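Report on the structure given below.
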Amino acid sequence: MTATRAPSPTPLLVAKQHAPRLPAHVVGRRRLVERLRTPGPARMTVVVAPAGWGKTTLLGQWARDPQERRKIAWVSLDEADGDPVRFWSYVLNALGAVAPEIVEEPLRALRMAALDPVDTVLPMLLNELATTDERLALVLDDYHLLADGRVHEQVEFLLAYVPPALHLVVSGRSDPPLPLARLRVRGELVELRADDLRFTPDEAAGLVGAAGLADLRTDAMLRLVERTEGWAAGLRLAALSVRAAPDPAGRAMALRGDERHLLDYFIDEVLRRLTREHHELLVRCSVLERMSGPLCDALLGRTGSATALAELEAAGVFVVALDPQCEWYRCHQLFRDALGRQLDATDPGGRRALLTRAAEWFLAHGQVDEAIGQLIAAGDHPAAAELLVSSIVWFVAAGASAEVYRLGCAIDPAVVHADPVLCVDLAWASAWGGGRPDRVGEWLDVAEPQLADDTPALLGWHDTRAAAAFIRATTVEAWRGGVEGALAEARRAIELEVDPAERGYAMSRVALGRVLLGAGRPAEAADVLAAAWAMPVATAMSPVNRMQTGGALAGAWVATGELERARRLCRTLAPAAAELENAWGDACAPALTLLRTAEGQLAAAEGNAATARGVLTRAVELARAWGHHSHLVTALAACARAELAAGHKTDARALLNEAHEAAADGPVLPAAADALRTAEARVGREVVRDARSARRVFVEELTDRELAILRALQGPLTQREIGAELHIAMNTVKGYTKSLYRKLGVSDREDAVAQARVLGLL
């Protein structure tokens, strides 16, 4: 299967951002809705129970309760939403549907996949929530399907600092890996579990009555409740079966079996009474997580599925519409599992064929990522790999490098390793969207021995081997061999990339210039970067690459004393840079950090101290958001020198302390290390300001996580090592550390420890 064109990027599935429609005769559960509506001081509500206990239906009732004054944002999650960028895209869009003013800036930041949500997106969201007058609740349904630990860490970070404006509601089959015990002790958690969700006899009477058993005698009703233990799915299945029996009460009294046996037995009973058309649709389309009329038509080779789905929902046969327009439906997971067992028993090869048809349908409708997912589910990993490689243009246009990484990792490794182009694509995706720069070398090590003259070229490149060398040269991978290793990779890219009409021709030379600049050889870097900048194809660079290149060139010219050339270049870039910053906010960090640092260094070199301090402060903010250690150290060192020139020695010292922490987390390029040493020599060493710390008043309680990090700060561990000790990501450590410093009223590690000791926290 190949893509014949590059479709437009797929929007988020709107149906996942609505509470599913309620059944026509839903049984009201006021006692539980009231608990959801009045959480008191709780930050979070969890609704945890096995499948079939009515979690989603209950939350749907609450979301539509006219007495609920909060605005409800809803996300129905599935396995694919474990990627942080995808997850927060759904969350922010769901919040934006009910309170658009609070998500504008965070959404812009999220579009820059190189930024970690904890560094930029979540602080922005928290700041907006802290100032809004809205009262919101965010529902994350089927949270148990998320497997990526990064998402759980980020949700924990959100919970730690969430203001009263937002209440989080998490629903799933198991306890979410979040600090429930701490929230429970503090009275900040509302819990609804299977015991709470059990149907009482009165509620069960309403449920089976809606199924046509309104006259079932009391002892038979109690028998249904006893045997199903109030299990909602079991009650519904029992009602559907009992109502068709000659003696409904007798059938109810004879009921026996556990959940699994009930399910298998009753589904057999239910399906036997369906029309052939409805039966075939349910069994054969059980391979789908979500169903639409056209998609089911494609799988079944007929028309009329939309009508059939509406009829099944109206009949209460475990089919629920996902959106107000009733375009998409889902089948209850327990019911779907049992239907799948029937499919496998009656047509062992049918699942693969049906999933392949689904993939063809999604591809024809421009949803390439969904098509690849269907092929993977079908077990057709070679076809999935082929489609992923052929559709890179589509993913680039969608800004979906994280999806490339996720899908690539889901394909059989043996298939991936046999395709060197896919391995190079995954190396790129690891660095720029997958959040796994540590895996860049792994993918390239597999790819490079297989690359040859006739290997298909990557988008924008004449030679895939050059693209692989470029990726190595511009990531930390290259610096394992030191400066010479990185230079060798950049020069290899130049040697292989020989077509001046391709962007790779300029980009390979930009890579060499940036390596030279990072190595502390600005004169050579300036020559190479200037030549690349003047190439006609350089205008075809992406906005991010063009700003990065211009910023690096301006920085090289400042370092070599060519201030007039640097000034002219900065002025040339200023309008586009301002437009980019206005449009993207802090999400422009990867594009503008180098340029803002160069502008600040230029102002300092020209003796304009006030301008230098302002611009370099912004450069530091952007560098923090980007999270690139070398560029953060460089910006901090330059800003420290500007503060020192203004006579602000204390502020300069704080900036250098932060630079040391960033350098310790490393790796840091030689030029950044040199900049830090130079600034250090100018500012000089100072003792910890105990007297000033002692005068501070501690006014805000630290979270358990902040206290754990505070204790770790006493020792020699870097932030990366602290993260490993606490089993959280380094960027999450950074997020907590920033909040810790704010609460203690300090700006660096030494002062934090000293202040904590004064306050008796250590």
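Chain labels A, B, ... are given in the sequence in which chains occur in the structure tokens; within each chain residues are numbered consecutively from 1, and ligands are likewise numbered from 1 in the order shown.
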For this session: Write down as a ChimeraX atom specification the residues belonging to stretch 289-388 of chain A that are assigned strand (DSSP E) by DSSP computed on the backbone.
Result: /A:291-292,319-321,328-331
Requested write-out: N, CA and C atoms of the selected residues, as a PDB file, in the first residue's frame:
ATOM      1  N   MET A 291     -16.637   3.337  15.094  1.00  0.00           N
ATOM      2  CA  MET A 291     -17.341   2.965  13.877  1.00  0.00           C
ATOM      3  C   MET A 291     -18.085   4.169  13.313  1.00  0.00           C
ATOM      4  N   SER A 292     -18.099   4.268  12.007  1.00  0.00           N
ATOM      5  CA  SER A 292     -18.975   5.217  11.317  1.00  0.00           C
ATOM      6  C   SER A 292     -19.692   4.455  10.219  1.00  0.00           C
ATOM      7  N   VAL A 319     -24.269  -0.089  21.823  1.00  0.00           N
ATOM      8  CA  VAL A 319     -23.688   0.804  20.825  1.00  0.00           C
ATOM      9  C   VAL A 319     -24.077   2.224  21.195  1.00  0.00           C
ATOM     10  N   VAL A 320     -23.080   3.126  21.289  1.00  0.00           N
ATOM     11  CA  VAL A 320     -23.327   4.490  21.753  1.00  0.00           C
ATOM     12  C   VAL A 320     -22.720   5.478  20.766  1.00  0.00           C
ATOM     13  N   ALA A 321     -23.468   6.516  20.418  1.00  0.00           N
ATOM     14  CA  ALA A 321     -22.944   7.570  19.544  1.00  0.00           C
ATOM     15  C   ALA A 321     -21.908   8.394  20.301  1.00  0.00           C
ATOM     16  N   TRP A 328     -20.108   9.043  14.485  1.00  0.00           N
ATOM     17  CA  TRP A 328     -19.198   8.023  14.999  1.00  0.00           C
ATOM     18  C   TRP A 328     -19.815   7.350  16.222  1.00  0.00           C
ATOM     19  N   TYR A 329     -19.569   6.052  16.335  1.00  0.00           N
ATOM     20  CA  TYR A 329     -20.109   5.249  17.426  1.00  0.00           C
ATOM     21  C   TYR A 329     -18.993   4.398  18.021  1.00  0.00           C
ATOM     22  N   ARG A 330     -19.252   3.932  19.216  1.00  0.00           N
ATOM     23  CA  ARG A 330     -18.371   2.923  19.799  1.00  0.00           C
ATOM     24  C   ARG A 330     -19.228   1.803  20.361  1.00  0.00           C
ATOM     25  N   CYS A 331     -18.622   0.629  20.404  1.00  0.00           N
ATOM     26  CA  CYS A 331     -19.272  -0.535  20.988  1.00  0.00           C
ATOM     27  C   CYS A 331     -18.653  -0.746  22.371  1.00  0.00           C
TER      28      CYS A 331
END
Exercise. Which polymer residues have any atom within 10 Å of an atom of A:Arg135, counting only C-alpha atoms, with same-chain residues fewer than 3 positions away left out, as a VMD selection string?
Worked result: chain A and resid 69 to 72 99 129 132 164 to 167
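Among the candidates A:Thr346, A:Thr737, A:Asn608, A:Ser747, the one nearest to A:Ala712 when counting only C-alpha atoms is A:Thr737.
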Exercise. Hey, what's within 12 Å of A:Leu122 if we count only C-alpha atoms and toss same-chain stuff fewer than 2 positions away? As an MDAnalysis selection string, please?
Worked result: chainID A and resid 84:85 88:89 91:92 102:103 105:107 109:110 115:120 124:129 151 153:162 586 625 731:732 735:736
Residues as selected, N, CA and C atoms, written as a short mmCIF file (atom, residue, chain, number, x, y, z; two decimals), in the first residue's frame, can you do that?
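again.cif was written with the following content:
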data_model
loop_
_atom_site.label_atom_id
_atom_site.label_comp_id
_atom_site.auth_asym_id
_atom_site.auth_seq_id
_atom_site.Cartn_x
_atom_site.Cartn_y
_atom_site.Cartn_z
N PRO A 84 2.85 12.45 24.50
CA PRO A 84 2.55 13.70 25.21
C PRO A 84 1.97 14.79 24.33
N VAL A 85 2.52 14.98 23.13
CA VAL A 85 2.01 16.06 22.27
C VAL A 85 0.56 15.77 21.87
N TRP A 88 -1.77 16.24 25.07
CA TRP A 88 -2.05 17.62 25.46
C TRP A 88 -2.77 18.38 24.35
N SER A 89 -2.62 17.94 23.11
CA SER A 89 -3.42 18.54 22.03
C SER A 89 -4.90 18.31 22.29
N VAL A 91 -6.29 17.57 25.23
CA VAL A 91 -6.68 18.25 26.46
C VAL A 91 -6.91 19.73 26.21
N LEU A 92 -5.95 20.38 25.53
CA LEU A 92 -6.06 21.82 25.31
C LEU A 92 -7.23 22.15 24.39
N ILE A 102 -8.23 30.55 27.55
CA ILE A 102 -7.15 30.05 28.41
C ILE A 102 -6.16 29.17 27.68
N VAL A 103 -6.45 28.76 26.45
CA VAL A 103 -5.58 27.79 25.78
C VAL A 103 -4.84 28.36 24.58
N GLU A 105 -2.34 30.59 24.13
CA GLU A 105 -0.88 30.57 24.24
C GLU A 105 -0.35 29.15 24.39
N PRO A 106 -0.91 28.32 25.29
CA PRO A 106 -0.41 26.94 25.40
C PRO A 106 -0.49 26.16 24.10
N LEU A 107 -1.55 26.35 23.32
CA LEU A 107 -1.66 25.62 22.05
C LEU A 107 -0.57 26.04 21.08
N ALA A 109 2.36 27.08 21.90
CA ALA A 109 3.60 26.48 22.39
C ALA A 109 3.67 25.00 22.05
N LEU A 110 2.53 24.33 22.11
CA LEU A 110 2.51 22.88 21.88
C LEU A 110 2.87 22.54 20.44
N LEU A 115 9.68 21.32 22.30
CA LEU A 115 9.53 21.80 23.66
C LEU A 115 8.86 20.75 24.53
N ASP A 116 9.37 20.59 25.75
CA ASP A 116 8.75 19.68 26.69
C ASP A 116 7.55 20.38 27.33
N PRO A 117 6.37 19.71 27.39
CA PRO A 117 5.19 20.37 27.97
C PRO A 117 5.41 20.89 29.38
N VAL A 118 6.22 20.19 30.19
CA VAL A 118 6.45 20.65 31.56
C VAL A 118 7.20 21.97 31.58
N ASP A 119 8.06 22.18 30.59
CA ASP A 119 8.85 23.40 30.56
C ASP A 119 8.04 24.62 30.16
N THR A 120 7.11 24.46 29.23
CA THR A 120 6.45 25.63 28.65
C THR A 120 4.93 25.53 28.68
N MET A 124 2.25 27.71 31.18
CA MET A 124 1.35 28.66 30.53
C MET A 124 -0.10 28.37 30.89
N LEU A 125 -0.48 27.10 30.82
CA LEU A 125 -1.86 26.72 31.13
C LEU A 125 -2.19 27.04 32.59
N LEU A 126 -1.28 26.72 33.50
CA LEU A 126 -1.51 27.00 34.91
C LEU A 126 -1.66 28.49 35.17
N ASN A 127 -0.83 29.29 34.49
CA ASN A 127 -0.93 30.75 34.65
C ASN A 127 -2.28 31.27 34.17
N GLU A 128 -2.75 30.73 33.04
CA GLU A 128 -4.05 31.16 32.52
C GLU A 128 -5.18 30.75 33.46
N LEU A 129 -5.08 29.53 33.99
CA LEU A 129 -6.12 29.04 34.91
C LEU A 129 -6.14 29.86 36.20
N VAL A 151 3.44 11.09 30.19
CA VAL A 151 2.13 11.72 30.34
C VAL A 151 1.72 11.71 31.81
N GLU A 153 3.65 11.69 34.45
CA GLU A 153 4.45 12.69 35.15
C GLU A 153 3.91 14.09 34.91
N GLN A 154 3.51 14.36 33.68
CA GLN A 154 3.02 15.69 33.34
C GLN A 154 1.66 15.96 33.98
N VAL A 155 0.81 14.95 34.04
CA VAL A 155 -0.48 15.13 34.72
C VAL A 155 -0.24 15.33 36.22
N GLU A 156 0.72 14.61 36.78
CA GLU A 156 1.06 14.81 38.19
C GLU A 156 1.54 16.24 38.43
N PHE A 157 2.35 16.76 37.51
CA PHE A 157 2.81 18.15 37.63
C PHE A 157 1.62 19.11 37.59
N LEU A 158 0.69 18.86 36.67
CA LEU A 158 -0.51 19.70 36.60
C LEU A 158 -1.28 19.65 37.92
N LEU A 159 -1.43 18.45 38.46
CA LEU A 159 -2.16 18.30 39.71
C LEU A 159 -1.48 19.04 40.86
N ALA A 160 -0.15 19.03 40.88
CA ALA A 160 0.58 19.63 41.99
C ALA A 160 0.32 21.12 42.10
N TYR A 161 0.04 21.78 40.96
CA TYR A 161 -0.07 23.23 40.96
C TYR A 161 -1.41 23.74 40.42
N VAL A 162 -2.35 22.84 40.22
CA VAL A 162 -3.61 23.26 39.61
C VAL A 162 -4.34 24.22 40.54
N ASP A 586 6.29 31.53 23.53
CA ASP A 586 7.51 30.82 23.92
C ASP A 586 7.77 29.59 23.05
N ALA A 625 12.94 27.48 27.89
CA ALA A 625 11.82 26.79 27.26
C ALA A 625 12.31 25.72 26.29
N ASN A 731 13.18 16.88 32.77
CA ASN A 731 12.40 18.11 32.58
C ASN A 731 11.33 18.26 33.65
N THR A 732 10.81 17.15 34.15
CA THR A 732 9.86 17.23 35.25
C THR A 732 10.56 17.71 36.52
N GLY A 735 10.83 21.38 36.28
CA GLY A 735 9.58 22.07 36.56
C GLY A 735 9.32 22.19 38.06
N TYR A 736 9.53 21.09 38.79
CA TYR A 736 9.34 21.15 40.23
C TYR A 736 10.37 22.07 40.90
#
Seminar exercise, completed: Using only C-alpha atoms, the best pick from A:His279, A:Ala338, A:Ala400, A:His631 as closest to A:Leu309 would be A:His279
Problem set entry | Non-local contacts of A:Val170 (7 Å; only C-alpha atoms; under 5 positions in same chain excluded) as a PyMOL selection string | chain A and resi 45-47+139-141+143
Store the residues picked out above in a file with C-alpha atoms, as an mmCIF file, in the first residue's frame.
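Output saved as again_19.cif:
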data_model
loop_
_atom_site.group_PDB
_atom_site.id
_atom_site.type_symbol
_atom_site.label_atom_id
_atom_site.label_comp_id
_atom_site.auth_asym_id
_atom_site.auth_seq_id
_atom_site.Cartn_x
_atom_site.Cartn_y
_atom_site.Cartn_z
ATOM 1 C CA THR A 45 -12.041 12.865 41.309
ATOM 2 C CA VAL A 46 -11.252 9.291 40.285
ATOM 3 C CA VAL A 47 -13.881 6.887 38.977
ATOM 4 C CA VAL A 139 -12.674 14.631 32.261
ATOM 5 C CA LEU A 140 -10.042 12.128 31.110
ATOM 6 C CA ASP A 141 -12.042 8.999 30.296
ATOM 7 C CA TYR A 143 -7.143 6.914 31.403
#
Problem set entry | Which of stretch 16-230 of chain A DSSP labels helix (DSSP H, G or I), written as a PyMOL selection string | chain A and resi 16-17+30-37+55-63+79-82+84-98+100-102+104-110+121-131+143-145+149-161+180-185+194-197+201-210+218-228
